[in-house]
>>> print(open('model-v7.cif').read())   # mmCIF, C-alpha atoms; chains and numbers go by the auth columns
data_target
loop_
_atom_site.group_PDB
_atom_site.id
_atom_site.type_symbol
_atom_site.label_atom_id
_atom_site.label_comp_id
_atom_site.label_asym_id
_atom_site.label_seq_id
_atom_site.Cartn_x
_atom_site.Cartn_y
_atom_site.Cartn_z
_atom_site.B_iso_or_equiv
_atom_site.auth_seq_id
_atom_site.auth_asym_id
ATOM 1 C CA MET A 1 65.059 -44.100 148.252 0.00 1 A
ATOM 2 C CA LYS A 2 66.072 -46.903 150.604 0.00 2 A
ATOM 3 C CA ILE A 3 63.508 -48.480 152.873 0.00 3 A
ATOM 4 C CA ASN A 4 65.596 -47.728 155.960 0.00 4 A
ATOM 5 C CA GLU A 5 65.552 -44.067 154.943 0.00 5 A
ATOM 6 C CA LEU A 6 61.748 -44.205 154.868 0.00 6 A
ATOM 7 C CA ILE A 7 61.338 -45.972 158.202 0.00 7 A
ATOM 8 C CA THR A 8 63.004 -43.857 160.841 0.00 8 A
ATOM 9 C CA GLU A 9 60.862 -44.639 163.919 0.00 9 A
ATOM 10 C CA ALA A 10 59.686 -48.198 163.225 0.00 10 A
ATOM 11 C CA TYR A 11 60.205 -50.752 165.997 0.00 11 A
ATOM 12 C CA ARG A 12 58.038 -53.597 164.666 0.00 12 A
ATOM 13 C CA SER A 13 57.880 -55.156 161.241 0.00 13 A
ATOM 14 C CA GLU A 14 54.216 -54.225 160.753 0.00 14 A
ATOM 15 C CA ASP A 15 55.269 -50.581 160.903 0.00 15 A
ATOM 16 C CA ILE A 16 56.722 -51.031 157.418 0.00 16 A
ATOM 17 C CA ALA A 17 53.252 -50.892 155.874 0.00 17 A
ATOM 18 C CA VAL A 18 52.219 -47.915 158.028 0.00 18 A
ATOM 19 C CA ILE A 19 55.240 -45.825 157.065 0.00 19 A
ATOM 20 C CA LEU A 20 55.153 -46.728 153.370 0.00 20 A
ATOM 21 C CA ILE A 21 51.460 -45.908 153.051 0.00 21 A
ATOM 22 C CA LYS A 22 52.080 -42.533 154.719 0.00 22 A
ATOM 23 C CA LYS A 23 54.752 -41.918 152.075 0.00 23 A
ATOM 24 C CA GLY A 24 52.232 -42.539 149.292 0.00 24 A
ATOM 25 C CA TYR A 25 52.872 -46.200 148.604 0.00 25 A
ATOM 26 C CA LYS A 26 49.798 -48.341 147.962 0.00 26 A
ATOM 27 C CA LEU A 27 49.586 -51.953 149.098 0.00 27 A
ATOM 28 C CA ILE A 28 48.586 -53.982 146.035 0.00 28 A
ATOM 29 C CA GLY A 29 49.389 -57.528 147.123 0.00 29 A
ATOM 30 C CA ASP A 30 50.497 -59.680 150.031 0.00 30 A
ATOM 31 C CA GLY A 31 51.615 -63.270 150.126 0.00 31 A
ATOM 32 C CA THR A 32 53.273 -65.831 152.333 0.00 32 A
ATOM 33 C CA ASP A 33 56.714 -64.251 152.115 0.00 33 A
ATOM 34 C CA GLN A 34 56.296 -60.786 150.623 0.00 34 A
ATOM 35 C CA ASP A 35 54.213 -57.632 150.341 0.00 35 A
ATOM 36 C CA ALA A 36 53.958 -55.566 147.180 0.00 36 A
ATOM 37 C CA TYR A 37 53.443 -51.796 147.031 0.00 37 A
ATOM 38 C CA LEU A 38 52.836 -49.495 144.094 0.00 38 A
ATOM 39 C CA GLU A 39 55.525 -46.843 144.272 0.00 39 A
ATOM 40 C CA PRO A 40 54.411 -43.215 143.838 0.00 40 A
ATOM 41 C CA GLY A 41 55.998 -41.358 140.970 0.00 41 A
ATOM 42 C CA THR A 42 57.654 -44.336 139.268 0.00 42 A
ATOM 43 C CA GLY A 43 54.731 -46.715 138.731 0.00 43 A
ATOM 44 C CA LYS A 44 57.025 -49.561 139.752 0.00 44 A
ATOM 45 C CA VAL A 45 56.284 -52.212 142.349 0.00 45 A
ATOM 46 C CA LEU A 46 58.279 -52.266 145.586 0.00 46 A
ATOM 47 C CA LYS A 47 58.432 -55.779 147.053 0.00 47 A
ATOM 48 C CA ILE A 48 59.334 -56.339 150.686 0.00 48 A
ATOM 49 C CA PHE A 49 60.396 -59.860 151.619 0.00 49 A
ATOM 50 C CA GLY A 50 59.792 -60.647 155.268 0.00 50 A
ATOM 51 C CA SER A 51 62.272 -61.740 157.893 0.00 51 A
ATOM 52 C CA ASP A 52 62.238 -65.275 159.268 0.00 52 A
ATOM 53 C CA ASP A 53 62.413 -65.648 163.064 0.00 53 A
ATOM 54 C CA ASN A 54 64.616 -68.721 162.691 0.00 54 A
ATOM 55 C CA TYR A 55 67.364 -66.644 161.108 0.00 55 A
ATOM 56 C CA GLY A 56 67.538 -63.659 163.418 0.00 56 A
ATOM 57 C CA GLU A 57 70.066 -61.223 162.009 0.00 57 A
ATOM 58 C CA LYS A 58 70.918 -63.388 158.985 0.00 58 A
ATOM 59 C CA HIS A 59 69.204 -63.413 155.625 0.00 59 A
ATOM 60 C CA SER A 60 66.879 -66.384 155.191 0.00 60 A
ATOM 61 C CA ASP A 61 66.867 -69.067 152.510 0.00 61 A
ATOM 62 C CA GLY A 62 63.899 -67.256 151.004 0.00 62 A
ATOM 63 C CA HIS A 63 66.016 -64.108 150.598 0.00 63 A
ATOM 64 C CA ARG A 64 68.801 -66.179 149.067 0.00 64 A
ATOM 65 C CA MET A 65 66.313 -67.785 146.685 0.00 65 A
ATOM 66 C CA PHE A 66 65.021 -64.447 145.482 0.00 66 A
ATOM 67 C CA LYS A 67 68.558 -63.086 145.079 0.00 67 A
ATOM 68 C CA ILE A 68 69.359 -66.024 142.782 0.00 68 A
ATOM 69 C CA TRP A 69 66.186 -65.345 140.794 0.00 69 A
ATOM 70 C CA VAL A 70 66.946 -61.645 140.363 0.00 70 A
ATOM 71 C CA GLU A 71 70.533 -62.333 139.325 0.00 71 A
ATOM 72 C CA TYR A 72 69.307 -64.860 136.749 0.00 72 A
ATOM 73 C CA CYS A 73 66.835 -62.333 135.329 0.00 73 A
ATOM 74 C CA GLU A 74 69.488 -59.611 135.208 0.00 74 A
ATOM 75 C CA LYS A 75 71.854 -61.919 133.309 0.00 75 A
ATOM 76 C CA ASN A 76 69.092 -62.625 130.794 0.00 76 A
ATOM 77 C CA LYS A 77 67.666 -59.113 130.353 0.00 77 A
ATOM 78 C CA SER A 78 66.980 -59.671 126.676 0.00 78 A
ATOM 79 C CA ASN A 79 64.549 -62.503 127.457 0.00 79 A
ATOM 80 C CA PRO A 80 61.052 -60.964 127.216 0.00 80 A
ATOM 81 C CA PHE A 81 59.531 -63.648 129.458 0.00 81 A
ATOM 82 C CA LEU A 82 61.527 -62.645 132.552 0.00 82 A
ATOM 83 C CA PRO A 83 60.645 -59.665 134.802 0.00 83 A
ATOM 84 C CA LYS A 84 62.729 -56.492 134.985 0.00 84 A
ATOM 85 C CA PHE A 85 64.161 -55.591 138.399 0.00 85 A
ATOM 86 C CA ASP A 86 66.184 -52.724 139.832 0.00 86 A
ATOM 87 C CA GLY A 87 67.277 -51.309 143.153 0.00 87 A
ATOM 88 C CA TRP A 88 67.313 -54.485 145.224 0.00 88 A
ATOM 89 C CA GLU A 89 69.030 -54.635 148.600 0.00 89 A
ATOM 90 C CA GLY A 90 68.774 -55.953 152.123 0.00 90 A
ATOM 91 C CA PHE A 91 67.905 -53.873 155.168 0.00 91 A
ATOM 92 C CA GLU A 92 67.605 -54.460 158.902 0.00 92 A
ATOM 93 C CA LEU A 93 64.752 -53.478 161.187 0.00 93 A
ATOM 94 C CA ASN A 94 64.665 -54.205 164.912 0.00 94 A
ATOM 95 C CA GLY A 95 67.341 -56.896 164.608 0.00 95 A
ATOM 96 C CA LYS A 96 65.655 -58.654 161.669 0.00 96 A
ATOM 97 C CA LYS A 97 66.845 -58.914 158.089 0.00 97 A
ATOM 98 C CA TYR A 98 64.514 -57.989 155.219 0.00 98 A
ATOM 99 C CA LEU A 99 64.896 -57.765 151.480 0.00 99 A
ATOM 100 C CA GLN A 100 63.469 -55.085 149.218 0.00 100 A
ATOM 101 C CA ILE A 101 63.382 -54.854 145.429 0.00 101 A
ATOM 102 C CA ARG A 102 61.741 -52.785 142.746 0.00 102 A
ATOM 103 C CA MET A 103 60.123 -54.539 139.799 0.00 103 A
ATOM 104 C CA GLU A 104 58.233 -53.445 136.724 0.00 104 A
ATOM 105 C CA ARG A 105 54.468 -53.430 137.196 0.00 105 A
ATOM 106 C CA LEU A 106 52.695 -56.368 135.551 0.00 106 A
ATOM 107 C CA GLN A 107 49.064 -57.401 135.209 0.00 107 A
ATOM 108 C CA GLU A 108 47.118 -60.602 135.664 0.00 108 A
ATOM 109 C CA LEU A 109 46.702 -62.839 132.647 0.00 109 A
ATOM 110 C CA PRO A 110 43.284 -64.010 131.471 0.00 110 A
ATOM 111 C CA LEU A 111 42.541 -67.264 133.287 0.00 111 A
ATOM 112 C CA TYR A 112 42.505 -69.416 130.156 0.00 112 A
ATOM 113 C CA ILE A 113 45.991 -68.200 129.186 0.00 113 A
ATOM 114 C CA ALA A 114 47.314 -68.705 132.735 0.00 114 A
ATOM 115 C CA ASN A 115 45.898 -72.241 132.765 0.00 115 A
ATOM 116 C CA VAL A 116 47.595 -73.267 129.535 0.00 116 A
ATOM 117 C CA LEU A 117 50.944 -71.878 130.767 0.00 117 A
ATOM 118 C CA GLU A 118 50.567 -73.961 133.920 0.00 118 A
ATOM 119 C CA GLU A 119 49.988 -77.012 131.711 0.00 119 A
ATOM 120 C CA PHE A 120 53.196 -76.207 129.837 0.00 120 A
ATOM 121 C CA VAL A 121 55.096 -76.262 133.138 0.00 121 A
ATOM 122 C CA TYR A 122 53.682 -79.697 133.939 0.00 122 A
ATOM 123 C CA HIS A 123 54.246 -81.092 130.448 0.00 123 A
ATOM 124 C CA LEU A 124 57.787 -79.739 130.133 0.00 124 A
ATOM 125 C CA GLY A 125 58.880 -81.724 133.147 0.00 125 A
ATOM 126 C CA ALA A 126 59.502 -84.622 130.751 0.00 126 A
ATOM 127 C CA ALA A 127 63.068 -85.898 130.508 0.00 127 A
ATOM 128 C CA ASP A 128 63.125 -85.429 126.719 0.00 128 A
ATOM 129 C CA THR A 129 62.547 -81.696 126.498 0.00 129 A
ATOM 130 C CA GLY A 130 62.872 -81.599 122.724 0.00 130 A
ATOM 131 C CA ALA A 131 60.117 -84.168 122.326 0.00 131 A
ATOM 132 C CA ALA A 132 57.936 -82.340 124.865 0.00 132 A
ATOM 133 C CA ILE A 133 58.268 -79.059 122.969 0.00 133 A
ATOM 134 C CA ALA A 134 57.594 -80.833 119.674 0.00 134 A
ATOM 135 C CA SER A 135 54.406 -82.361 121.061 0.00 135 A
ATOM 136 C CA ILE A 136 53.194 -78.897 122.122 0.00 136 A
ATOM 137 C CA LEU A 137 53.953 -77.459 118.680 0.00 137 A
ATOM 138 C CA GLN A 138 52.044 -80.342 117.140 0.00 138 A
ATOM 139 C CA LYS A 139 48.830 -78.985 118.671 0.00 139 A
ATOM 140 C CA ILE A 140 49.129 -75.589 116.983 0.00 140 A
ATOM 141 C CA GLY A 141 46.187 -74.982 114.696 0.00 141 A
ATOM 142 C CA SER A 142 44.078 -77.707 116.257 0.00 142 A
ATOM 143 C CA SER A 143 40.561 -76.937 117.455 0.00 143 A
ATOM 144 C CA ASP A 144 39.596 -80.373 118.788 0.00 144 A
ATOM 145 C CA PRO A 145 41.245 -81.696 121.984 0.00 145 A
ATOM 146 C CA ASP A 146 40.462 -85.275 120.867 0.00 146 A
ATOM 147 C CA ASP A 147 42.014 -85.021 117.420 0.00 147 A
ATOM 148 C CA ASP A 148 45.054 -87.131 118.269 0.00 148 A
ATOM 149 C CA GLU A 149 46.161 -89.501 121.010 0.00 149 A
ATOM 150 C CA SER A 150 49.201 -87.499 122.098 0.00 150 A
ATOM 151 C CA PHE A 151 46.893 -84.747 123.349 0.00 151 A
ATOM 152 C CA ASP A 152 46.198 -86.945 126.390 0.00 152 A
ATOM 153 C CA GLU A 153 49.595 -85.840 127.685 0.00 153 A
ATOM 154 C CA PHE A 154 48.035 -82.448 128.456 0.00 154 A
ATOM 155 C CA ASP A 155 46.040 -83.270 131.561 0.00 155 A
ATOM 156 C CA GLY A 156 43.032 -80.956 131.741 0.00 156 A
ATOM 157 C CA LEU A 157 43.802 -78.926 128.605 0.00 157 A
ATOM 158 C CA GLU A 158 40.450 -78.798 126.841 0.00 158 A
ATOM 159 C CA GLU A 159 39.035 -76.704 124.005 0.00 159 A
ATOM 160 C CA GLN A 160 39.618 -73.356 125.740 0.00 160 A
ATOM 161 C CA GLY A 161 43.210 -74.410 126.347 0.00 161 A
ATOM 162 C CA LEU A 162 43.630 -74.996 122.627 0.00 162 A
ATOM 163 C CA ASP A 163 42.330 -71.498 121.996 0.00 163 A
ATOM 164 C CA ALA A 164 44.976 -70.145 124.387 0.00 164 A
ATOM 165 C CA LEU A 165 47.691 -72.238 122.754 0.00 165 A
ATOM 166 C CA ASN A 166 46.827 -70.943 119.294 0.00 166 A
ATOM 167 C CA GLU A 167 46.466 -67.381 120.593 0.00 167 A
ATOM 168 C CA LEU A 168 49.943 -67.459 122.147 0.00 168 A
ATOM 169 C CA MET A 169 51.464 -68.754 118.903 0.00 169 A
ATOM 170 C CA ILE A 170 49.782 -66.004 116.862 0.00 170 A
ATOM 171 C CA GLN A 171 50.841 -63.314 119.312 0.00 171 A
ATOM 172 C CA LEU A 172 54.430 -64.457 119.807 0.00 172 A
ATOM 173 C CA GLY A 173 55.319 -66.131 116.538 0.00 173 A
ATOM 174 C CA LYS A 174 57.027 -69.515 116.457 0.00 174 A
ATOM 175 C CA GLN A 175 60.509 -68.325 117.437 0.00 175 A
ATOM 176 C CA ARG A 176 59.409 -66.499 120.568 0.00 176 A
ATOM 177 C CA PHE A 177 56.851 -69.181 121.404 0.00 177 A
ATOM 178 C CA VAL A 178 59.634 -71.788 121.459 0.00 178 A
ATOM 179 C CA LEU A 179 61.754 -69.380 123.546 0.00 179 A
ATOM 180 C CA LEU A 180 58.905 -69.174 126.074 0.00 180 A
ATOM 181 C CA LEU A 181 58.848 -72.977 126.370 0.00 181 A
ATOM 182 C CA LYS A 182 62.653 -73.158 126.681 0.00 182 A
ATOM 183 C CA THR A 183 62.582 -70.416 129.324 0.00 183 A
ATOM 184 C CA ILE A 184 60.100 -72.414 131.409 0.00 184 A
ATOM 185 C CA VAL A 185 62.421 -75.417 131.184 0.00 185 A
ATOM 186 C CA ALA A 186 65.492 -73.350 132.123 0.00 186 A
ATOM 187 C CA VAL A 187 63.777 -71.767 135.146 0.00 187 A
ATOM 188 C CA LYS A 188 62.576 -75.163 136.383 0.00 188 A
ATOM 189 C CA LYS A 189 66.058 -76.649 136.019 0.00 189 A
ATOM 190 C CA LEU A 190 67.714 -73.746 137.821 0.00 190 A
ATOM 191 C CA GLY A 191 65.302 -73.966 140.744 0.00 191 A
ATOM 192 C CA THR A 192 65.781 -77.723 141.008 0.00 192 A
ATOM 193 C CA ARG A 193 69.564 -77.320 140.931 0.00 193 A
ATOM 194 C CA TYR A 194 69.399 -75.081 144.017 0.00 194 A
ATOM 195 C CA GLY A 195 66.923 -77.339 145.787 0.00 195 A
ATOM 196 C CA PHE A 196 63.927 -74.995 145.502 0.00 196 A
ATOM 197 C CA GLY A 197 60.381 -76.208 145.013 0.00 197 A
ATOM 198 C CA ILE A 198 58.760 -75.354 141.681 0.00 198 A
ATOM 199 C CA ASP A 199 55.835 -72.957 142.107 0.00 199 A
ATOM 200 C CA MET A 200 55.069 -72.045 138.497 0.00 200 A
ATOM 201 C CA HIS A 201 51.288 -72.209 138.723 0.00 201 A
ATOM 202 C CA GLY A 202 49.051 -70.050 136.554 0.00 202 A
ATOM 203 C CA ASN A 203 48.971 -67.124 139.000 0.00 203 A
ATOM 204 C CA ASN A 204 52.765 -66.882 138.823 0.00 204 A
ATOM 205 C CA PHE A 205 52.567 -65.861 135.190 0.00 205 A
ATOM 206 C CA MET A 206 51.602 -62.253 134.478 0.00 206 A
ATOM 207 C CA HIS A 207 51.812 -60.005 131.432 0.00 207 A
ATOM 208 C CA ARG A 208 52.973 -56.605 130.270 0.00 208 A
ATOM 209 C CA ASN A 209 50.778 -54.078 128.481 0.00 209 A
ATOM 210 C CA ASP A 210 51.735 -55.670 125.170 0.00 210 A
ATOM 211 C CA GLY A 211 50.363 -59.022 126.366 0.00 211 A
ATOM 212 C CA ILE A 212 53.755 -60.774 126.627 0.00 212 A
ATOM 213 C CA PRO A 213 53.582 -63.380 129.433 0.00 213 A
ATOM 214 C CA VAL A 214 56.180 -63.041 132.198 0.00 214 A
ATOM 215 C CA ILE A 215 57.272 -65.616 134.789 0.00 215 A
ATOM 216 C CA VAL A 216 57.163 -64.289 138.371 0.00 216 A
ATOM 217 C CA ASP A 217 58.048 -65.925 141.727 0.00 217 A
ATOM 218 C CA PRO A 218 58.676 -69.374 140.201 0.00 218 A
ATOM 219 C CA TRP A 219 60.161 -71.149 143.233 0.00 219 A
ATOM 220 C CA LEU A 220 59.548 -71.993 146.876 0.00 220 A
ATOM 221 C CA SER A 221 62.131 -72.299 149.640 0.00 221 A
ATOM 222 C CA ASP A 222 61.892 -74.279 152.873 0.00 222 A
ATOM 223 C CA ASP A 223 61.256 -71.024 154.763 0.00 223 A
ATOM 224 C CA TYR A 224 57.685 -70.663 153.572 0.00 224 A
#
>>> encode(input="model-v7.cif", output="structure tokens")
Amino acid sequence: MKINELITEAYRSEDIAVILIKKGYKLIGDGTDQDAYLEPGTGKVLKIFGSDDNYGEKHSDGHRMFKIWVEYCEKNKSNPFLPKFDGWEGFELNGKKYLQIRMERLQELPLYIANVLEEFVYHLGAADTGAAIASILQKIGSSDPDDDESFDEFDGLEEQGLDALNELMIQLGKQRFVLLLKTIVAVKKLGTRYGFGIDMHGNNFMHRNDGIPVIVDPWLSDDY
């Protein structure tokens, strides 16, 4: 069902929440640029991306950014570290443009796993990506953050971070672990190419029921 089929008498943007909740949707998250609702019946998440006053009847840079992200994920559906989307489209309310999309429901990662993924993002900003990945793999199996000098490259990654690193390798296996690192690099490069800020902090990694980490909302636009 389209959002503009749900909202038949809304005249202000805040009416979106009122109408959706009456239809059985449950607000489960709100951020700078979007609200997230649990959709009744499907268990999926409906995201509503807000309009920007500076754009009036046009879609904002934030909408464009998210469209690029969704298209990238759809082109790489076989990658387990990217979210699954469906049913995305724009709609207009009271002369303003909004964007809606449905996404699979994900859960928060344990903090120590989220922290180590954030460290990967920082570390994989190095020009020599191959060397950066190799230095991460070198830590596998270690239990002492001071066991070699190269560990200093991981700012703030202490013993609990090593536990997370080893846990991810055991869970994913080497091939998928390396794919996770390469996916982080690819998403960073794509965002930079389009001029978006990188926003891949720990809270922007979530996981499925099987524990596989998933990258969500990795970029920032000038709108927000």
>>> residues_around(input="model-v7.cif", residues="stretch 36-39 of chain A", least_positions_apart="6", cutoff="7 Å", atoms="only C-alpha atoms", output="list in words")
Tyr25, Lys26, Leu27, Ile28, Gly29, Asp30, Val45, Leu46, Lys47 and Ile48 of chain A
>>> write_last_selection(input="model-v7.cif", atoms="C-alpha atoms", output="PDB file, in the coordinates of the input")
ATOM      1  CA  TYR A  25      52.872 -46.200 148.604  1.00  0.00           C
ATOM      2  CA  LYS A  26      49.798 -48.341 147.962  1.00  0.00           C
ATOM      3  CA  LEU A  27      49.586 -51.953 149.098  1.00  0.00           C
ATOM      4  CA  ILE A  28      48.586 -53.982 146.035  1.00  0.00           C
ATOM      5  CA  GLY A  29      49.389 -57.528 147.123  1.00  0.00           C
ATOM      6  CA  ASP A  30      50.497 -59.680 150.031  1.00  0.00           C
ATOM      7  CA  VAL A  45      56.284 -52.212 142.349  1.00  0.00           C
ATOM      8  CA  LEU A  46      58.279 -52.266 145.586  1.00  0.00           C
ATOM      9  CA  LYS A  47      58.432 -55.779 147.053  1.00  0.00           C
ATOM     10  CA  ILE A  48      59.334 -56.339 150.686  1.00  0.00           C
TER      11      ILE A  48
END
>>> closest_residue(input="model-v7.cif", among="A:Met65, A:Lys23, A:Leu109, A:Ile101", to="A:Asp35", atoms="only C-alpha atoms")
A:Ile101
>>> residues_near_point(input="model-v7.cif", point="(45.8, -67.7, 119.8)", cutoff="12 Å", atoms="all atoms listed in the file", output="ChimeraX atom specification")
/A:112-113,116,139-143,160-174,177,211
>>> atom_distance(input="model-v7.cif", atom1="atom CA of A:His63", atom2="atom CA of A:Gly195")
14.1 Å
>>> resolve_selection(input="model-v7.cif", expression="the PyMOL selection byres ((chain A and resi 129) around 12)", output="ChimeraX atom specification")
/A:120-128,130-136,178,181-186,188-189
>>> atom_distance(input="model-v7.cif", atom1="atom CA of A:Arg105", atom2="atom CA of A:Asp61")
25.2 Å
>>> residues_near_point(input="model-v7.cif", point="(53.0, -61.6, 132.6)", cutoff="7 Å", atoms="all atoms listed in the file", output="ChimeraX atom specification")
/A:106-109,205-208,212-215
>>> atom_distance(input="model-v7.cif", atom1="atom CA of A:Val216", atom2="atom CA of A:Glu71")
13.5 Å
>>> residues_around(input="model-v7.cif", residues="A:Trp69", least_positions_apart="2", cutoff="12 Å", atoms="only C-alpha atoms", output="VMD selection string")
chain A and resid 62 to 67 71 to 76 82 to 85 88 101 186 to 188 190 to 191 194 196 215 to 221
>>> write_last_selection(input="model-v7.cif", atoms="C-alpha atoms", output="PDB file, in the coordinates of the input")
ATOM      1  CA  GLY A  62      63.899 -67.256 151.004  1.00  0.00           C
ATOM      2  CA  HIS A  63      66.016 -64.108 150.598  1.00  0.00           C
ATOM      3  CA  ARG A  64      68.801 -66.179 149.067  1.00  0.00           C
ATOM      4  CA  MET A  65      66.313 -67.785 146.685  1.00  0.00           C
ATOM      5  CA  PHE A  66      65.021 -64.447 145.482  1.00  0.00           C
ATOM      6  CA  LYS A  67      68.558 -63.086 145.079  1.00  0.00           C
ATOM      7  CA  GLU A  71      70.533 -62.333 139.325  1.00  0.00           C
ATOM      8  CA  TYR A  72      69.307 -64.860 136.749  1.00  0.00           C
ATOM      9  CA  CYS A  73      66.835 -62.333 135.329  1.00  0.00           C
ATOM     10  CA  GLU A  74      69.488 -59.611 135.208  1.00  0.00           C
ATOM     11  CA  LYS A  75      71.854 -61.919 133.309  1.00  0.00           C
ATOM     12  CA  ASN A  76      69.092 -62.625 130.794  1.00  0.00           C
ATOM     13  CA  LEU A  82      61.527 -62.645 132.552  1.00  0.00           C
ATOM     14  CA  PRO A  83      60.645 -59.665 134.802  1.00  0.00           C
ATOM     15  CA  LYS A  84      62.729 -56.492 134.985  1.00  0.00           C
ATOM     16  CA  PHE A  85      64.161 -55.591 138.399  1.00  0.00           C
ATOM     17  CA  TRP A  88      67.313 -54.485 145.224  1.00  0.00           C
ATOM     18  CA  ILE A 101      63.382 -54.854 145.429  1.00  0.00           C
ATOM     19  CA  ALA A 186      65.492 -73.350 132.123  1.00  0.00           C
ATOM     20  CA  VAL A 187      63.777 -71.767 135.146  1.00  0.00           C
ATOM     21  CA  LYS A 188      62.576 -75.163 136.383  1.00  0.00           C
ATOM     22  CA  LEU A 190      67.714 -73.746 137.821  1.00  0.00           C
ATOM     23  CA  GLY A 191      65.302 -73.966 140.744  1.00  0.00           C
ATOM     24  CA  TYR A 194      69.399 -75.081 144.017  1.00  0.00           C
ATOM     25  CA  PHE A 196      63.927 -74.995 145.502  1.00  0.00           C
ATOM     26  CA  ILE A 215      57.272 -65.616 134.789  1.00  0.00           C
ATOM     27  CA  VAL A 216      57.163 -64.289 138.371  1.00  0.00           C
ATOM     28  CA  ASP A 217      58.048 -65.925 141.727  1.00  0.00           C
ATOM     29  CA  PRO A 218      58.676 -69.374 140.201  1.00  0.00           C
ATOM     30  CA  TRP A 219      60.161 -71.149 143.233  1.00  0.00           C
ATOM     31  CA  LEU A 220      59.548 -71.993 146.876  1.00  0.00           C
ATOM     32  CA  SER A 221      62.131 -72.299 149.640  1.00  0.00           C
TER      33      SER A 221
END
>>> closest_residue(input="model-v7.cif", among="A:Asn79, A:Gln138, A:Ser51, A:Asn115", to="A:Gln100", atoms="only C-alpha atoms")
A:Ser51
>>> closest_residue(input="model-v7.cif", among="A:Asn204, A:Gly50, A:Asn209, A:Asp199", to="A:Leu93", atoms="only C-alpha atoms")
A:Gly50
>>> closest_residue(input="model-v7.cif", among="A:Phe49, A:Gly87, A:Leu20, A:Met200", to="A:Gln34", atoms="all atoms listed in the file")
A:Phe49
>>> closest_residue(input="model-v7.cif", among="A:Pro80, A:Ile16, A:Arg176, A:Pro110", to="A:Glu92", atoms="only C-alpha atoms")
A:Ile16
>>> axis_aligned_box(input="model-v7.cif", around="stretch 87-94 of chain A", padding_each_side="3 Å", output="JSON")
{"center_x": 66.8, "center_y": -53.6, "center_z": 154.0, "size_x": 10.4, "size_y": 10.6, "size_z": 27.8}
